[in-house]
Every structure is written in C-alpha cells, then in structure tokens.
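Below is target_21.txt, which holds compact mmCIF, C-alpha atoms.
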# COMPACT_ATOMS: atom_id res chain seq x y z
CA MET A 128 101.19 120.59 121.47
CA SER A 129 99.07 117.96 123.05
CA LEU A 130 97.31 115.00 121.53
CA ARG A 131 94.10 116.48 122.94
CA ALA A 132 94.49 119.64 120.86
CA VAL A 133 95.27 117.63 117.74
CA LEU A 134 92.19 115.46 118.26
CA LEU A 135 90.00 118.54 118.72
CA ILE A 136 91.42 119.97 115.49
CA THR A 137 90.76 116.67 113.73
CA LEU A 138 87.15 116.52 114.91
CA GLN A 139 86.27 120.21 114.49
CA ARG A 140 85.19 119.87 110.87
CA GLU A 141 83.55 116.47 110.94
CA PRO A 142 82.61 113.87 113.57
CA GLY A 143 84.35 110.53 113.33
CA THR A 144 85.17 107.21 114.91
CA GLY A 145 88.55 106.45 116.42
CA TYR A 146 89.38 104.67 113.18
CA ASP A 147 88.36 107.76 111.16
CA VAL A 148 90.59 109.92 113.33
CA LEU A 149 93.49 107.50 112.86
CA GLN A 150 93.01 107.62 109.08
CA ARG A 151 92.92 111.44 109.15
CA PHE A 152 96.21 111.36 111.06
CA LYS A 153 97.77 109.13 108.43
CA ALA A 154 96.38 111.13 105.53
CA GLY A 155 97.00 114.67 106.61
CA LEU A 156 98.65 115.00 109.99
CA ALA A 157 101.40 112.39 109.81
CA HIS A 158 103.97 115.13 109.24
CA VAL A 159 102.73 117.09 112.28
CA TRP A 160 101.92 114.55 114.97
CA GLN A 161 102.47 110.86 115.62
CA ALA A 162 100.13 108.80 117.79
CA SER A 163 99.36 105.12 118.05
CA HIS A 164 95.80 103.88 117.79
CA GLN A 165 95.92 103.00 121.51
CA GLN A 166 96.90 106.58 122.41
CA ILE A 167 94.12 107.97 120.22
CA TYR A 168 91.40 105.71 121.65
CA ARG A 169 92.54 106.34 125.23
CA GLU A 170 92.55 110.11 124.72
CA LEU A 171 89.15 110.11 122.96
CA ASP A 172 87.70 108.30 125.97
CA LYS A 173 89.28 110.80 128.40
CA MET A 174 87.98 113.71 126.32
CA ARG A 175 84.49 112.24 126.33
CA GLY A 176 84.70 111.89 130.11
CA ALA A 177 85.82 115.52 130.38
CA GLY A 178 82.83 116.69 128.33
CA LEU A 179 84.92 117.81 125.36
CA LEU A 180 83.36 115.22 123.05
CA ASP A 181 80.00 113.57 122.67
CA CYS A 182 79.90 109.97 121.56
CA GLU A 183 77.08 108.32 119.65
CA THR A 184 77.08 104.54 119.60
CA VAL A 185 75.98 103.18 116.24
CA PRO A 186 75.05 99.47 116.25
CA GLN A 187 76.42 97.31 113.44
CA ALA A 188 75.42 93.83 112.41
CA GLU A 189 78.17 91.23 112.91
CA ARG A 190 80.68 93.89 114.00
CA PRO A 191 81.34 95.81 117.19
CA ASP A 192 79.30 98.97 117.63
CA ARG A 193 80.81 102.12 116.15
CA LYS A 194 81.51 105.05 118.46
CA VAL A 195 81.19 108.32 116.55
CA TYR A 196 82.77 111.28 118.33
CA CYS A 197 81.85 114.92 117.82
CA ILE A 198 83.20 118.02 119.48
CA THR A 199 81.01 119.70 122.14
CA ALA A 200 80.74 123.39 122.96
CA SER A 201 83.22 122.78 125.81
CA GLY A 202 85.58 121.07 123.39
CA ARG A 203 85.30 123.98 120.96
CA ALA A 204 86.01 126.42 123.82
CA GLU A 205 89.09 124.45 124.83
CA LEU A 206 90.31 124.39 121.23
CA ASP A 207 89.67 128.13 120.85
CA ALA A 208 91.57 128.83 124.08
CA TRP A 209 94.49 126.67 122.94
CA LEU A 210 94.58 128.40 119.55
CA ALA A 211 94.53 131.86 121.17
CA VAL A 212 97.63 131.34 123.32
CA PRO A 213 101.07 131.46 121.67
CA LEU A 214 103.05 128.26 122.06
CA GLY A 215 106.23 128.39 124.06
CA PRO A 216 109.53 127.17 122.66
CA SER A 217 109.74 123.44 122.14
CA PRO A 218 112.76 121.84 123.77
CA VAL A 219 115.05 119.86 121.52
CA ARG A 220 115.17 116.36 122.93
CA GLN A 221 117.26 114.34 120.56
CA PRO A 222 119.07 111.40 122.18
CA LEU A 223 121.25 111.09 119.09
CA PHE A 224 122.82 114.46 119.88
CA ALA A 225 123.96 113.18 123.28
CA LYS A 226 125.97 110.44 121.57
CA PHE A 227 128.01 113.11 119.80
CA PHE A 228 129.36 114.21 123.18
CA ALA A 229 130.84 110.73 123.56
CA TRP A 230 132.28 110.63 120.03
CA ASP A 231 135.56 108.98 121.03
CA ALA A 232 133.76 106.19 122.91
CA TRP A 233 131.07 105.69 120.25
CA PRO A 234 132.18 102.75 118.07
CA ALA A 235 132.54 103.82 114.44
CA ASP A 236 130.48 100.87 113.18
CA ALA A 237 127.62 101.63 115.59
CA ARG A 238 127.78 105.31 114.66
CA GLN A 239 127.62 104.49 110.95
CA GLN A 240 124.72 102.06 111.45
CA GLU A 241 122.81 104.67 113.42
CA LEU A 242 123.35 107.39 110.83
CA VAL A 243 122.42 105.09 107.93
CA ALA A 244 119.26 103.98 109.74
CA LEU A 245 118.32 107.59 110.42
CA GLN A 246 119.03 108.52 106.83
CA GLU A 247 116.74 105.71 105.64
CA GLN A 248 113.97 106.85 108.00
CA LEU A 249 114.29 110.41 106.74
CA GLU A 250 114.21 109.30 103.11
CA GLU A 251 111.01 107.34 103.87
CA ARG A 252 109.60 110.47 105.50
CA MET A 253 110.37 112.46 102.36
CA GLN A 254 108.49 109.85 100.32
CA ALA A 255 105.53 110.12 102.70
CA TYR A 256 105.61 113.91 102.39
CA ALA A 257 105.63 113.60 98.61
CA ALA A 258 102.60 111.30 98.73
CA ILE A 259 100.73 113.71 101.04
CA GLU A 260 101.61 116.61 98.79
CA GLN A 261 100.42 114.75 95.70
CA GLU A 262 97.16 113.68 97.31
CA TRP A 263 96.22 116.82 99.20
CA PHE A 264 98.21 119.72 97.78
CA SER A 265 98.88 118.98 94.11
CA ASP A 266 97.82 122.56 93.23
CA PRO A 267 98.64 124.76 96.26
CA GLN A 268 97.95 127.95 94.31
CA GLY A 269 94.35 126.81 93.74
CA LEU A 270 93.63 126.37 97.45
CA THR A 271 91.91 128.83 99.76
CA PRO A 272 94.11 130.31 102.51
CA ALA A 273 92.56 127.89 105.06
CA GLU A 274 93.17 124.92 102.77
CA ARG A 275 96.69 126.15 101.99
CA ALA A 276 97.75 126.63 105.63
CA PRO A 277 98.47 122.91 106.25
CA TRP A 278 100.54 122.86 103.05
CA HIS A 279 102.93 125.32 104.72
CA THR A 280 103.49 122.84 107.56
CA LEU A 281 104.18 120.12 105.02
CA ARG A 282 106.73 122.34 103.26
CA LEU A 283 108.43 123.08 106.58
CA GLY A 284 108.57 119.35 107.32
CA GLN A 285 110.15 118.75 103.92
CA ARG A 286 112.73 121.49 104.44
CA LEU A 287 113.63 120.31 107.94
CA THR A 288 114.01 116.74 106.70
CA GLU A 289 116.20 117.95 103.83
CA ALA A 290 118.36 119.79 106.39
CA TRP A 291 118.68 116.62 108.49
CA LEU A 292 119.71 114.62 105.42
CA ALA A 293 122.34 117.23 104.52
CA TRP A 294 123.59 117.19 108.11
CA ILE A 295 123.95 113.40 108.05
CA GLU A 296 125.97 113.64 104.84
CA GLU A 297 128.27 116.23 106.46
CA VAL A 298 128.79 114.08 109.56
CA GLN A 299 129.45 110.98 107.46
CA ALA A 300 131.89 112.85 105.20
CA GLU A 301 133.75 114.26 108.19
CA GLY A 302 133.79 110.83 109.84
CA GLU A 303 135.37 109.38 106.69
CA CYS A 304 138.00 112.13 106.71
CA VAL A 305 138.73 111.61 110.40
CA SER A 306 138.90 107.82 109.93
CA GLY A 307 141.13 108.29 106.89
CA SER A 308 143.49 110.64 108.75
CA HIS A 309 143.94 108.10 111.54
CA ALA A 310 144.91 105.46 108.99
CA GLN A 311 147.73 107.61 107.62

Mind turning this structure into structure tokens?
Amino acid sequence: MSLRAVLLITLQREPGTGYDVLQRFKAGLAHVWQASHQQIYRELDKMRGAGLLDCETVPQAERPDRKVYCITASGRAELDAWLAVPLGPSPVRQPLFAKFFAWDAWPADARQQELVALQEQLEERMQAYAAIEQEWFSDPQGLTPAERAPWHTLRLGQRLTEAWLAWIEEVQAEGECVSGSHAQ
C-alpha cells in the first residue's frame, strides 16, 4: 500500500487540509498506516502536481493560508484502479527477527530490554485500538456494511497485536527456562 492510495482514500469522502488529513489518520487510520506530517504534506504536494488533487487556498487573518485539498477525476481514477487490482503479498521485514538468528551473541539484558520495550509498545497500541473502537465502533452491529468494513481492520489489528504479545510471553518464558538451566 502506498501513502498516495491512503491519502486518496482519506480525501474521497471529504476535502481537507493537510492538518485535517493528519487528524483523520490519528482518528481512524492509525491502526492501518503510519505517516509523519512531513510525509503527508510532501505527498499532498506531489499529488497536486500530478493532477490527482486540486488545492484551494483559503486566506486566514493572522494565520497562514489554509490549503484545502480535494480529489480530482484523475485522482478518483487512480484510486479506482488501485482498488481494482489485488495486492501482492507483503514481505515481512522485521529486524527483530534477525536478532533471533544471533541468539547466542545477543546479550540477555539487551534481549530482555528489547522485548520489554516491544511489549510496552504493543500494550500502548492495544489501548489506542480500544480508544478507536470506543469512539468509532462502539456498536458495530448498528453500522452499515461500508461503515463496518474499517472495524474489521481494527479487529485484525487487535488480534495480531494480541498474538505478538503472546509470542513475547513465550519467548520470555523460554528465555527464563534456558537461563535457569544454565545456572544449574
């Protein structure tokens, strides 16, 4: 998936400023895609240059002018084309996994710190998912199929994060057993 496709999806329903897009990311797409505000603004500018977006400059008193982006017919065509083509498999690029192939050389303290830090990040992610679910999907059964579709991605994110947390517990438990057996 590209940031361009995500921005087109974000702007398909309603025009918005770069700030609006960033807020939509935080509110509803945080579990699907991560992008910094610099990446978003850069890509919006490129998309405008490519004719995928129009930009209306709205003057403001005592503040910089607002740039409101809306999707063009070309942008809609690009989004439709992207939606029509099945995605290929996504490669798993997880640097942490590489460290497991150097288990004997990986200091136990560093390994533990890394796993604890990852566990904390994942627990924070679960809290973020819970907040998104509460705000946007508190009654999934009452949603239309189109409104419910993003809820399914949230549920997948929750399940994958739960699997990661369980995996960390397994690795930590095995590490304790291995460390304990060396001490005997």

*Between atom CA of A:Gln239 and atom CA of A:Thr288, what is the distance, to one decimal in Å?*
18.8 Å

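Those residues that approach A:Leu171 to within 12 Å, counting all atoms listed in the file, are Leu130, Arg131, Ala132, Val133, Leu134, Leu135, Thr137, Leu138, Gly143, Thr144, Gly145, Tyr146, Val148, Leu149, His164, Gln165, Ala177, Gly178, Leu179, Leu180, Asp181, Cys182, Lys194, Val195, Tyr196, Cys197, Ile198 and Gly202 of chain A; same-chain residues fewer than 6 positions away are not listed.
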
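Distance check against A:Ala244 using all atoms listed in the file: of A:Leu223, A:Ala257, A:Val159, A:Leu283, the minimum falls on A:Leu223.
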
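The spacing separating atom CA of A:Ile167 from atom CA of A:Phe152 amounts to 10.0 Å.
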
*Could you pull out every residue with an atom within 12 Å of (95.3, 128.1, 116.2), file coordinates, counting all atoms listed in the file, and send them as a PyMOL selection string?*
chain A and resi 128+132-133+135-136+203+205-214+273+276-277

For the selection you just gave me, I'd like the residues written to a file as a PDB file, in the frame of the given file, keeping C-alpha atoms.
ATOM      1  CA  MET A 128     101.190 120.590 121.470  1.00  0.00           C
ATOM      2  CA  ALA A 132      94.490 119.640 120.860  1.00  0.00           C
ATOM      3  CA  VAL A 133      95.270 117.630 117.740  1.00  0.00           C
ATOM      4  CA  LEU A 135      90.000 118.540 118.720  1.00  0.00           C
ATOM      5  CA  ILE A 136      91.420 119.970 115.490  1.00  0.00           C
ATOM      6  CA  ARG A 203      85.300 123.980 120.960  1.00  0.00           C
ATOM      7  CA  GLU A 205      89.090 124.450 124.830  1.00  0.00           C
ATOM      8  CA  LEU A 206      90.310 124.390 121.230  1.00  0.00           C
ATOM      9  CA  ASP A 207      89.670 128.130 120.850  1.00  0.00           C
ATOM     10  CA  ALA A 208      91.570 128.830 124.080  1.00  0.00           C
ATOM     11  CA  TRP A 209      94.490 126.670 122.940  1.00  0.00           C
ATOM     12  CA  LEU A 210      94.580 128.400 119.550  1.00  0.00           C
ATOM     13  CA  ALA A 211      94.530 131.860 121.170  1.00  0.00           C
ATOM     14  CA  VAL A 212      97.630 131.340 123.320  1.00  0.00           C
ATOM     15  CA  PRO A 213     101.070 131.460 121.670  1.00  0.00           C
ATOM     16  CA  LEU A 214     103.050 128.260 122.060  1.00  0.00           C
ATOM     17  CA  ALA A 273      92.560 127.890 105.060  1.00  0.00           C
ATOM     18  CA  ALA A 276      97.750 126.630 105.630  1.00  0.00           C
ATOM     19  CA  PRO A 277      98.470 122.910 106.250  1.00  0.00           C
TER      20      PRO A 277
END

Mind giving me the axis-aligned box for stretch 174-184 of chain A with 5 Å on every side, centre plus edges in Å to one decimal, as AutoDock Vina command-line options?
--center_x 82.5 --center_y 111.2 --center_z 125.0 --size_x 20.9 --size_y 23.3 --size_z 20.8

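Taking atom CA of A:His279 and atom CA of A:Gln166 as endpoints, the distance between them is 26.5 Å.
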
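The neighbours of A:Leu242 here are the residues that come within 10 Å of it, using all atoms listed in the file and leaving out any residue fewer than 6 positions away in the same chain; they are Leu223, Asp236, Gln248, Leu292, Ile295, Glu296, Val298 and Gln299 of chain A.
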
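Distance annotation: of A:Leu287, A:Leu270, A:Ala229, A:Ile259, the residue with the minimal separation from A:Leu156 is A:Ile259; atom set is all atoms listed in the file.
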
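Using only C-alpha atoms, the nearest neighbour of A:Gln261 within the list A:Ala237, A:Leu249, A:Leu281, A:Val243 is A:Leu281.
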
My structure is short of atoms at stretch 242-268 of chain A; please model N, CA and C atoms there, returning them as an mmCIF file, keeping the file's coordinate frame.
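Full text of result.cif as output:
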data_model
loop_
_atom_site.group_PDB
_atom_site.id
_atom_site.type_symbol
_atom_site.label_atom_id
_atom_site.label_comp_id
_atom_site.auth_asym_id
_atom_site.auth_seq_id
_atom_site.Cartn_x
_atom_site.Cartn_y
_atom_site.Cartn_z
ATOM 1 N N LEU A 242 123.551 106.320 111.820
ATOM 2 C CA LEU A 242 123.350 107.390 110.830
ATOM 3 C C LEU A 242 122.680 106.871 109.564
ATOM 4 N N VAL A 243 123.050 105.685 109.126
ATOM 5 C CA VAL A 243 122.420 105.090 107.930
ATOM 6 C C VAL A 243 120.948 104.807 108.214
ATOM 7 N N ALA A 244 120.650 104.260 109.394
ATOM 8 C CA ALA A 244 119.260 103.980 109.740
ATOM 9 C C ALA A 244 118.437 105.267 109.795
ATOM 10 N N LEU A 245 119.009 106.309 110.373
ATOM 11 C CA LEU A 245 118.320 107.590 110.420
ATOM 12 C C LEU A 245 118.118 108.151 109.022
ATOM 13 N N GLN A 246 119.128 108.049 108.207
ATOM 14 C CA GLN A 246 119.030 108.520 106.830
ATOM 15 C C GLN A 246 117.902 107.784 106.087
ATOM 16 N N GLU A 247 117.806 106.485 106.283
ATOM 17 C CA GLU A 247 116.740 105.710 105.640
ATOM 18 C C GLU A 247 115.362 106.144 106.135
ATOM 19 N N GLN A 248 115.245 106.380 107.441
ATOM 20 C CA GLN A 248 113.970 106.850 108.000
ATOM 21 C C GLN A 248 113.582 108.205 107.398
ATOM 22 N N LEU A 249 114.557 109.081 107.280
ATOM 23 C CA LEU A 249 114.290 110.410 106.740
ATOM 24 C C LEU A 249 113.921 110.356 105.258
ATOM 25 N N GLU A 250 114.571 109.466 104.523
ATOM 26 C CA GLU A 250 114.210 109.300 103.110
ATOM 27 C C GLU A 250 112.787 108.761 102.965
ATOM 28 N N GLU A 251 112.393 107.833 103.862
ATOM 29 C CA GLU A 251 111.010 107.340 103.870
ATOM 30 C C GLU A 251 110.045 108.476 104.201
ATOM 31 N N ARG A 252 110.440 109.326 105.142
ATOM 32 C CA ARG A 252 109.600 110.470 105.500
ATOM 33 C C ARG A 252 109.419 111.392 104.296
ATOM 34 N N MET A 253 110.491 111.611 103.545
ATOM 35 C CA MET A 253 110.370 112.460 102.360
ATOM 36 C C MET A 253 109.413 111.845 101.348
ATOM 37 N N GLN A 254 109.437 110.529 101.220
ATOM 38 C CA GLN A 254 108.490 109.850 100.320
ATOM 39 C C GLN A 254 107.058 110.021 100.819
ATOM 40 N N ALA A 255 106.869 109.924 102.124
ATOM 41 C CA ALA A 255 105.530 110.120 102.700
ATOM 42 C C ALA A 255 105.057 111.548 102.464
ATOM 43 N N TYR A 256 105.962 112.507 102.649
ATOM 44 C CA TYR A 256 105.610 113.910 102.390
ATOM 45 C C TYR A 256 105.212 114.106 100.934
ATOM 46 N N ALA A 257 105.950 113.482 100.035
ATOM 47 C CA ALA A 257 105.630 113.600 98.610
ATOM 48 C C ALA A 257 104.251 113.030 98.311
ATOM 49 N N ALA A 258 103.911 111.906 98.943
ATOM 50 C CA ALA A 258 102.600 111.300 98.730
ATOM 51 C C ALA A 258 101.496 112.201 99.284
ATOM 52 N N ILE A 259 101.718 112.780 100.463
ATOM 53 C CA ILE A 259 100.730 113.710 101.040
ATOM 54 C C ILE A 259 100.566 114.915 100.135
ATOM 55 N N GLU A 260 101.679 115.435 99.667
ATOM 56 C CA GLU A 260 101.610 116.610 98.790
ATOM 57 C C GLU A 260 100.840 116.294 97.515
ATOM 58 N N GLN A 261 101.110 115.142 96.939
ATOM 59 C CA GLN A 261 100.420 114.750 95.700
ATOM 60 C C GLN A 261 98.926 114.593 95.927
ATOM 61 N N GLU A 262 98.574 113.958 97.056
ATOM 62 C CA GLU A 262 97.160 113.680 97.310
ATOM 63 C C GLU A 262 96.372 114.909 97.736
ATOM 64 N N TRP A 263 96.971 115.723 98.591
ATOM 65 C CA TRP A 263 96.220 116.820 99.200
ATOM 66 C C TRP A 263 96.558 118.203 98.650
ATOM 67 N N PHE A 264 97.749 118.376 98.133
ATOM 68 C CA PHE A 264 98.210 119.720 97.780
ATOM 69 C C PHE A 264 98.835 119.775 96.400
ATOM 70 N N SER A 265 98.283 119.041 95.446
ATOM 71 C CA SER A 265 98.880 118.980 94.110
ATOM 72 C C SER A 265 98.839 120.346 93.414
ATOM 73 N N ASP A 266 97.903 121.211 93.803
ATOM 74 C CA ASP A 266 97.820 122.560 93.230
ATOM 75 C C ASP A 266 97.668 123.577 94.355
ATOM 76 N N PRO A 267 98.755 123.862 95.106
ATOM 77 C CA PRO A 267 98.640 124.760 96.260
ATOM 78 C C PRO A 267 98.115 126.151 95.902
ATOM 79 N N GLN A 268 98.411 126.607 94.702
ATOM 80 C CA GLN A 268 97.950 127.950 94.310
ATOM 81 C C GLN A 268 96.431 127.997 94.167
#
